[in-house]
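Report on one structure; see the data block that follows.
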Number of protein chains: 2
Amino acid sequence: MELLDSPRAMRERAAALERAGRRVGLVPTMGFLHEGHLSLMRLLRPACDELWVSVFVNPAQFGPGEDLARYPRDLERDLALCRGEGVDGVLAPAVAAVYPPGFATWVEPGPVAVRYCGATRPGHFRGVLTIVLRLFMWTRCRAAAFGAKDAQQLWLIRRMARDLGLPVEIVEGATVREADPRAMSSRNAYLDAGRRQAALVLRRSLARGAELLAAGCAPEQALAAARAVLAEEAAVAPEYVHVADWAELDSLAGWPERPDWRAAGRGAEARPGEELVLLAAVRAGSTRLIDNLRVRAGSPPGTDRP
Amino acid sequence: MELLDSPRAMRERAAALERAGRRVGLVPTMGFLHEGHLSLMRLLRPACDELWVSVFVNPAQFGPGEDLARYPRDLERDLALCRGEGVDGVLAPAVAAVYPPGFATWVEPGPVAVRYCGATRPGHFRGVLTIVLRLFMWTRCRAAAFGAKDAQQLWLIRRMARDLGLPVEIVEGATVREADPRAMSSRNAYLDAGRRQAALVLRRSLARGAELLAAGCAPEQALAAARAVLAEEAAVAPEYVHVADWAELDSLAGWPERPDWRAAGRGAEARPGEELVLLAAVRAGSTRLIDNLRVRAGSPPGTDRP
């Protein structure tokens with residue numbers, strides 16, 4: 001397995017792979033790999049000739065006061081896990097090589113980037129899209145995999161790929177969960193046993209809301225039920241809970257209420273059969289956790305048509 | 001010669017060309033081709049297997065009140081000229097296909113984009129960089145040619161390619177001039193004979209300034225001389241005249257005076273041997289014209305060292 005430590009080395013390698021007609025697949029990560037990342041590698045393997053993984057804790061997607069400094073890192077362990085998955089190469093560049101003096105060109109996402117996680121993390125998705133685009137360029141990958149757990153990130157990367165016409169297939173991997181069934185996250189490492197237990201309420205709350213949406217209940221009703229479950233756990237403070245359509249990530253119902261997170265002309269009702277997403281962020285102590293569930297809106301109760 | 005009318009068709013063609021191992025070169029244009037564009041085609045030909053030209057008058061780089069509607073267009077003539085140059089394919093997409101509903105992802109250039117032309121054309125270079133990146137992605141080109149006449153555009157595209165790690169070689173073509181020696185521009189078509197004559201003062205003014213810079217005069221002195229020449233022609237109204245370093249496009253001297261168009265720590269003096277650019281924009285009636293000259297700063301008068 002190759003290990004490259006700079007964008008320049010990666011670009012040279014990618015040019016050689018292109019000349020050899022090898023199709024590169026990329027799993028971009030911030031390292032501290034868990035089963036979620038490994039599942040993306042397995043998913044992408046059949047779609048490419050060369051499977052590459054990037055490990056880079058990207059400062060540009062952390063705000064001041066966020067957990068950049070303490071974000072967990074363990075490159076040796078990451079490399080061993082990649083080797084175990086038969087990865088062909090790992091790019092783990094230094095920050096100085098990624099952001100040289102004079103770096104000034106950014107990918108600016110549209111209005112969806114200021115909703116949900118973007119509301120409390122200004123500039124976060126700008127940082128994410130810019131590094132993802134650059135990783136695509138450096139590796140010349142033709143497929144890349146992202147986890148559904150970061151729903152808004154996945155959505156914005158898909159929109160970027162569509163808008164900019166990137167020659168990269170965006171592959172979605174399902175959220176991988178512990179038996180709990182807490183979503184796997186490198187940030188789970190921050191939690192002590194008590195908080196880990198308390199954090200389970202996040203998934204429980206989303207499951208309750210999704211159940212109602214699937215049964216055809218209105219977004220407002222599902223939201224209220226999800227919030228009620230969250231309120232049962234005093235050790236967890238909700239940051240937001242929203243029901244959105246997956247097509248445009250317009251908020252159909254949410255707390256805090258944000259009707260402005262919906263495009264003009266889009267009503268607050270779900271359409272029968274429409275794909276919805278319930279997304280939430282909570283804090284357990286100083287740790288911020290996110291999760292989401294996707295669900296098809298059931299037929300509204302009382303309808304006679306299938 | 002192929003003619004494609006949508007990004008989608010171009011992307012499919014580019015994927016096929018990539019599979020066939022063909023290296024694509026691209027000359028992006030707004031059409032109404034002149035000798036300047038043709039020279040870029042000839043320049044790029046040896047650097048690629050497939051030579052493509054795009055013809056697209058990009059609304060996103062025109063401000064309100066600018067000349068988008070009246071910008072000259074003649075696709076049939078452009079196609080004939082491309083055929084004459086042995087171009088392999090032309091992409092001439094419709095505006096609706098380039099900016100579909102929901103388009104929201106932009107390339108945001110750094111602070112250099114608000115200087116010079118950017119000062120009176122806010123958003124112009126954002127529009128330019130975004131369409132250029134998308135053309136690169138659609139065509140999967142590995143080389144692309146741009147004219148030196150649009151110096152700031154060339155500089156910002158180079159910086160974008162570097163910052164984002166685009167796998168595209170940016171090739172610079174020298175400004176092509178009439179015998180006058182006015183710079184060729186599609187916008188020259190707007191000028192009547194009198195204004196065409198008056199507009200010659202732009203190049204004369206830059207030539208005078210460049211002469212002094214080459215002789216080792218200070219940027220302030222060269223600027224004053226260039227402005228004095230411009231002032232001789234009452235039918236032409238200067239918008240800006242600046243002396244900048246070509247490395248960072250920092251303004252060393254300029255009118256209007258903008259010391260804030262220089263990075264902190266950069267002095268206003270030219271370094272001996274440093275590559276400089278004299279750039280200016282003027283209005284002749286309602287027509288805006290730009291031009292520039294690049295020059296190496298001479299040794300300062302009186303120095304004893306080579």
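Ordering of the structure tokens sets the chain letters (A, B, ...); residue numbers start at 1 within each chain; ligands are numbered from 1 in the order shown.
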### Query
Which of segment 140-216 of chain B counts as helix (DSSP H, G or I) under DSSP, as an MDAnalysis selection string please?
chainID B and resid 151:164 186:190 193:214
Can I get the selection written as a compact mmCIF listing (two decimals), in the first residue's frame, with N, CA and C atoms?
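Contents of the output file out-v9.txt:
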```
# COMPACT_ATOMS: atom_id res chain seq x y z
N ALA B 151 -5.50 40.00 -18.63
CA ALA B 151 -4.40 39.64 -17.72
C ALA B 151 -4.92 39.19 -16.36
N GLN B 152 -5.86 39.92 -15.82
CA GLN B 152 -6.35 39.58 -14.49
C GLN B 152 -7.11 38.26 -14.52
N GLN B 153 -7.86 38.04 -15.59
CA GLN B 153 -8.57 36.76 -15.77
C GLN B 153 -7.57 35.62 -15.84
N LEU B 154 -6.54 35.79 -16.65
CA LEU B 154 -5.51 34.75 -16.77
C LEU B 154 -4.88 34.46 -15.43
N TRP B 155 -4.56 35.52 -14.68
CA TRP B 155 -3.92 35.36 -13.38
C TRP B 155 -4.83 34.59 -12.42
N LEU B 156 -6.09 34.96 -12.39
CA LEU B 156 -7.03 34.31 -11.46
C LEU B 156 -7.29 32.85 -11.86
N ILE B 157 -7.32 32.57 -13.15
CA ILE B 157 -7.51 31.18 -13.58
C ILE B 157 -6.29 30.35 -13.19
N ARG B 158 -5.11 30.93 -13.37
CA ARG B 158 -3.87 30.24 -12.94
C ARG B 158 -3.91 29.95 -11.44
N ARG B 159 -4.35 30.96 -10.66
CA ARG B 159 -4.39 30.81 -9.21
C ARG B 159 -5.43 29.75 -8.81
N MET B 160 -6.58 29.77 -9.50
CA MET B 160 -7.59 28.74 -9.25
C MET B 160 -7.03 27.34 -9.55
N ALA B 161 -6.35 27.21 -10.66
CA ALA B 161 -5.80 25.90 -11.05
C ALA B 161 -4.81 25.42 -10.00
N ARG B 162 -4.01 26.35 -9.50
CA ARG B 162 -3.03 25.99 -8.47
C ARG B 162 -3.72 25.66 -7.16
N ASP B 163 -4.61 26.55 -6.71
CA ASP B 163 -5.27 26.35 -5.41
C ASP B 163 -6.09 25.07 -5.38
N LEU B 164 -6.86 24.84 -6.44
CA LEU B 164 -7.75 23.68 -6.43
C LEU B 164 -7.07 22.43 -6.96
N SER B 186 -13.51 41.22 -29.25
CA SER B 186 -14.84 41.16 -29.88
C SER B 186 -15.56 42.47 -29.68
N ARG B 187 -15.23 43.19 -28.60
CA ARG B 187 -15.92 44.44 -28.31
C ARG B 187 -15.47 45.60 -29.21
N ASN B 188 -14.39 45.40 -29.98
CA ASN B 188 -14.00 46.44 -30.94
C ASN B 188 -15.12 46.66 -31.96
N ALA B 189 -15.97 45.64 -32.14
CA ALA B 189 -17.08 45.75 -33.09
C ALA B 189 -18.05 46.85 -32.71
N TYR B 190 -18.04 47.24 -31.44
CA TYR B 190 -18.95 48.30 -30.99
C TYR B 190 -18.52 49.69 -31.48
N ALA B 193 -15.58 54.45 -36.47
CA ALA B 193 -14.21 54.75 -36.93
C ALA B 193 -13.53 55.78 -36.04
N GLY B 194 -14.27 56.79 -35.62
CA GLY B 194 -13.70 57.85 -34.78
C GLY B 194 -13.24 57.31 -33.43
N ARG B 195 -14.11 56.54 -32.80
CA ARG B 195 -13.77 55.97 -31.49
C ARG B 195 -12.65 54.95 -31.60
N ARG B 196 -12.65 54.21 -32.71
CA ARG B 196 -11.59 53.23 -32.93
C ARG B 196 -10.24 53.94 -32.94
N GLN B 197 -10.21 55.06 -33.62
CA GLN B 197 -9.00 55.87 -33.69
C GLN B 197 -8.62 56.38 -32.29
N ALA B 198 -9.60 56.89 -31.58
CA ALA B 198 -9.35 57.46 -30.25
C ALA B 198 -8.85 56.38 -29.29
N ALA B 199 -9.37 55.15 -29.45
CA ALA B 199 -9.04 54.06 -28.52
C ALA B 199 -7.57 53.66 -28.61
N LEU B 200 -6.90 54.05 -29.68
CA LEU B 200 -5.49 53.71 -29.84
C LEU B 200 -4.64 54.28 -28.71
N VAL B 201 -5.16 55.33 -28.07
CA VAL B 201 -4.41 55.97 -27.00
C VAL B 201 -4.14 55.00 -25.84
N LEU B 202 -5.01 54.00 -25.69
CA LEU B 202 -4.86 53.03 -24.59
C LEU B 202 -3.51 52.30 -24.71
N ARG B 203 -3.26 51.72 -25.87
CA ARG B 203 -2.01 51.00 -26.06
C ARG B 203 -0.80 51.94 -26.01
N ARG B 204 -0.97 53.15 -26.56
CA ARG B 204 0.12 54.14 -26.55
C ARG B 204 0.50 54.48 -25.12
N SER B 205 -0.50 54.65 -24.31
CA SER B 205 -0.29 55.02 -22.92
C SER B 205 0.46 53.91 -22.17
N LEU B 206 0.04 52.67 -22.39
CA LEU B 206 0.71 51.54 -21.72
C LEU B 206 2.15 51.40 -22.22
N ALA B 207 2.34 51.62 -23.51
CA ALA B 207 3.69 51.47 -24.07
C ALA B 207 4.64 52.49 -23.45
N ARG B 208 4.13 53.71 -23.24
CA ARG B 208 4.97 54.75 -22.64
C ARG B 208 5.34 54.38 -21.20
N GLY B 209 4.36 53.92 -20.43
CA GLY B 209 4.63 53.50 -19.06
C GLY B 209 5.61 52.33 -19.01
N ALA B 210 5.41 51.37 -19.89
CA ALA B 210 6.26 50.17 -19.89
C ALA B 210 7.70 50.52 -20.24
N GLU B 211 7.85 51.45 -21.13
CA GLU B 211 9.17 51.92 -21.54
C GLU B 211 9.94 52.44 -20.32
N LEU B 212 9.25 53.25 -19.52
CA LEU B 212 9.89 53.82 -18.33
C LEU B 212 10.21 52.73 -17.30
N LEU B 213 9.29 51.78 -17.13
CA LEU B 213 9.55 50.69 -16.17
C LEU B 213 10.76 49.89 -16.60
N ALA B 214 10.83 49.60 -17.90
CA ALA B 214 11.97 48.83 -18.41
C ALA B 214 13.26 49.58 -18.19
```
### Task
Taking only C-alpha atoms into account, report as JSON, numbers by chain which residues of chain A lie within 7 Å of chain B.
{"A": [103, 104, 105, 106, 107, 108, 109, 110, 134, 137, 138, 160, 163, 164, 165, 166, 167]}
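Each of B:Val229, B:Ala234, B:Ala270, B:Val171 was compared to Trp246 of chain B using only C-alpha atoms, and B:Ala270 turns out to be the nearest.
Comparing the minimum interatomic distances between Arg294 of chain A and each of A:Thr120, A:Ser54, A:Ser185, A:Thr175, counting only C-alpha atoms, we find that A:Thr175 sits nearest.
Picture a line from atom CA of Ala244 of chain B to atom CA of Ala224 of chain B; it runs 14.2 Å.
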#### Entry: Exercise: Ser39 of chain A partners within 12 Å, only C-alpha atoms, chain neighbours under 3 positions left out, as a VMD selection string
chain A and resid 27 33 to 36 42 to 45 81 to 82 85 145 to 148 171 to 177 184
### Message
I'd like to know which residues of segment 76-282 of chain A are strand (DSSP E or B) (by DSSP, run on the backbone); could you write them as a ChimeraX atom specification?
### Response
/A:89-91,106-108,143-147,169-173,177,183,236-245,251-255,275-282
### Task
For Gly254 of chain A, list every protein, DNA or RNA residue within 10 Å, evaluated using only C-alpha atoms, and leave out those in the same chain fewer than 2 positions away; present the list as a PyMOL selection string.
chain A and resi 116+219-220+222-224+227+240-244+251-252+256-259+261+278-280
Include C-alpha atoms and write out the residues we just selected as a PDB file, in the first residue's frame.
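Below is the file result.pdb, written as the result:
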```pdb
ATOM      1  CA  TYR A 116     -29.196  22.757   9.842  1.00  0.00           C
ATOM      2  CA  PRO A 219     -44.176  16.664   9.398  1.00  0.00           C
ATOM      3  CA  GLU A 220     -45.251  18.915  12.300  1.00  0.00           C
ATOM      4  CA  ALA A 222     -43.602  13.767  13.577  1.00  0.00           C
ATOM      5  CA  LEU A 223     -41.415  16.629  14.723  1.00  0.00           C
ATOM      6  CA  ALA A 224     -43.401  17.048  17.930  1.00  0.00           C
ATOM      7  CA  ARG A 227     -38.878  16.338  20.259  1.00  0.00           C
ATOM      8  CA  TYR A 240     -31.978  21.376  16.063  1.00  0.00           C
ATOM      9  CA  VAL A 241     -34.501  18.793  14.866  1.00  0.00           C
ATOM     10  CA  HIS A 242     -35.952  19.162  11.362  1.00  0.00           C
ATOM     11  CA  VAL A 243     -38.033  17.233   8.858  1.00  0.00           C
ATOM     12  CA  ALA A 244     -36.849  18.064   5.323  1.00  0.00           C
ATOM     13  CA  SER A 251     -37.379  22.264   5.929  1.00  0.00           C
ATOM     14  CA  LEU A 252     -41.020  21.144   6.162  1.00  0.00           C
ATOM     15  CA  PRO A 256     -36.093  25.965  16.013  1.00  0.00           C
ATOM     16  CA  GLU A 257     -38.812  26.927  13.531  1.00  0.00           C
ATOM     17  CA  ARG A 258     -37.232  28.115  10.261  1.00  0.00           C
ATOM     18  CA  PRO A 259     -39.821  28.560   7.507  1.00  0.00           C
ATOM     19  CA  TRP A 261     -35.208  27.215   5.258  1.00  0.00           C
ATOM     20  CA  LEU A 278     -35.333  13.661   9.755  1.00  0.00           C
ATOM     21  CA  LEU A 279     -32.143  15.312  10.922  1.00  0.00           C
ATOM     22  CA  ALA A 280     -30.964  16.395  14.321  1.00  0.00           C
TER      23      ALA A 280
END
```
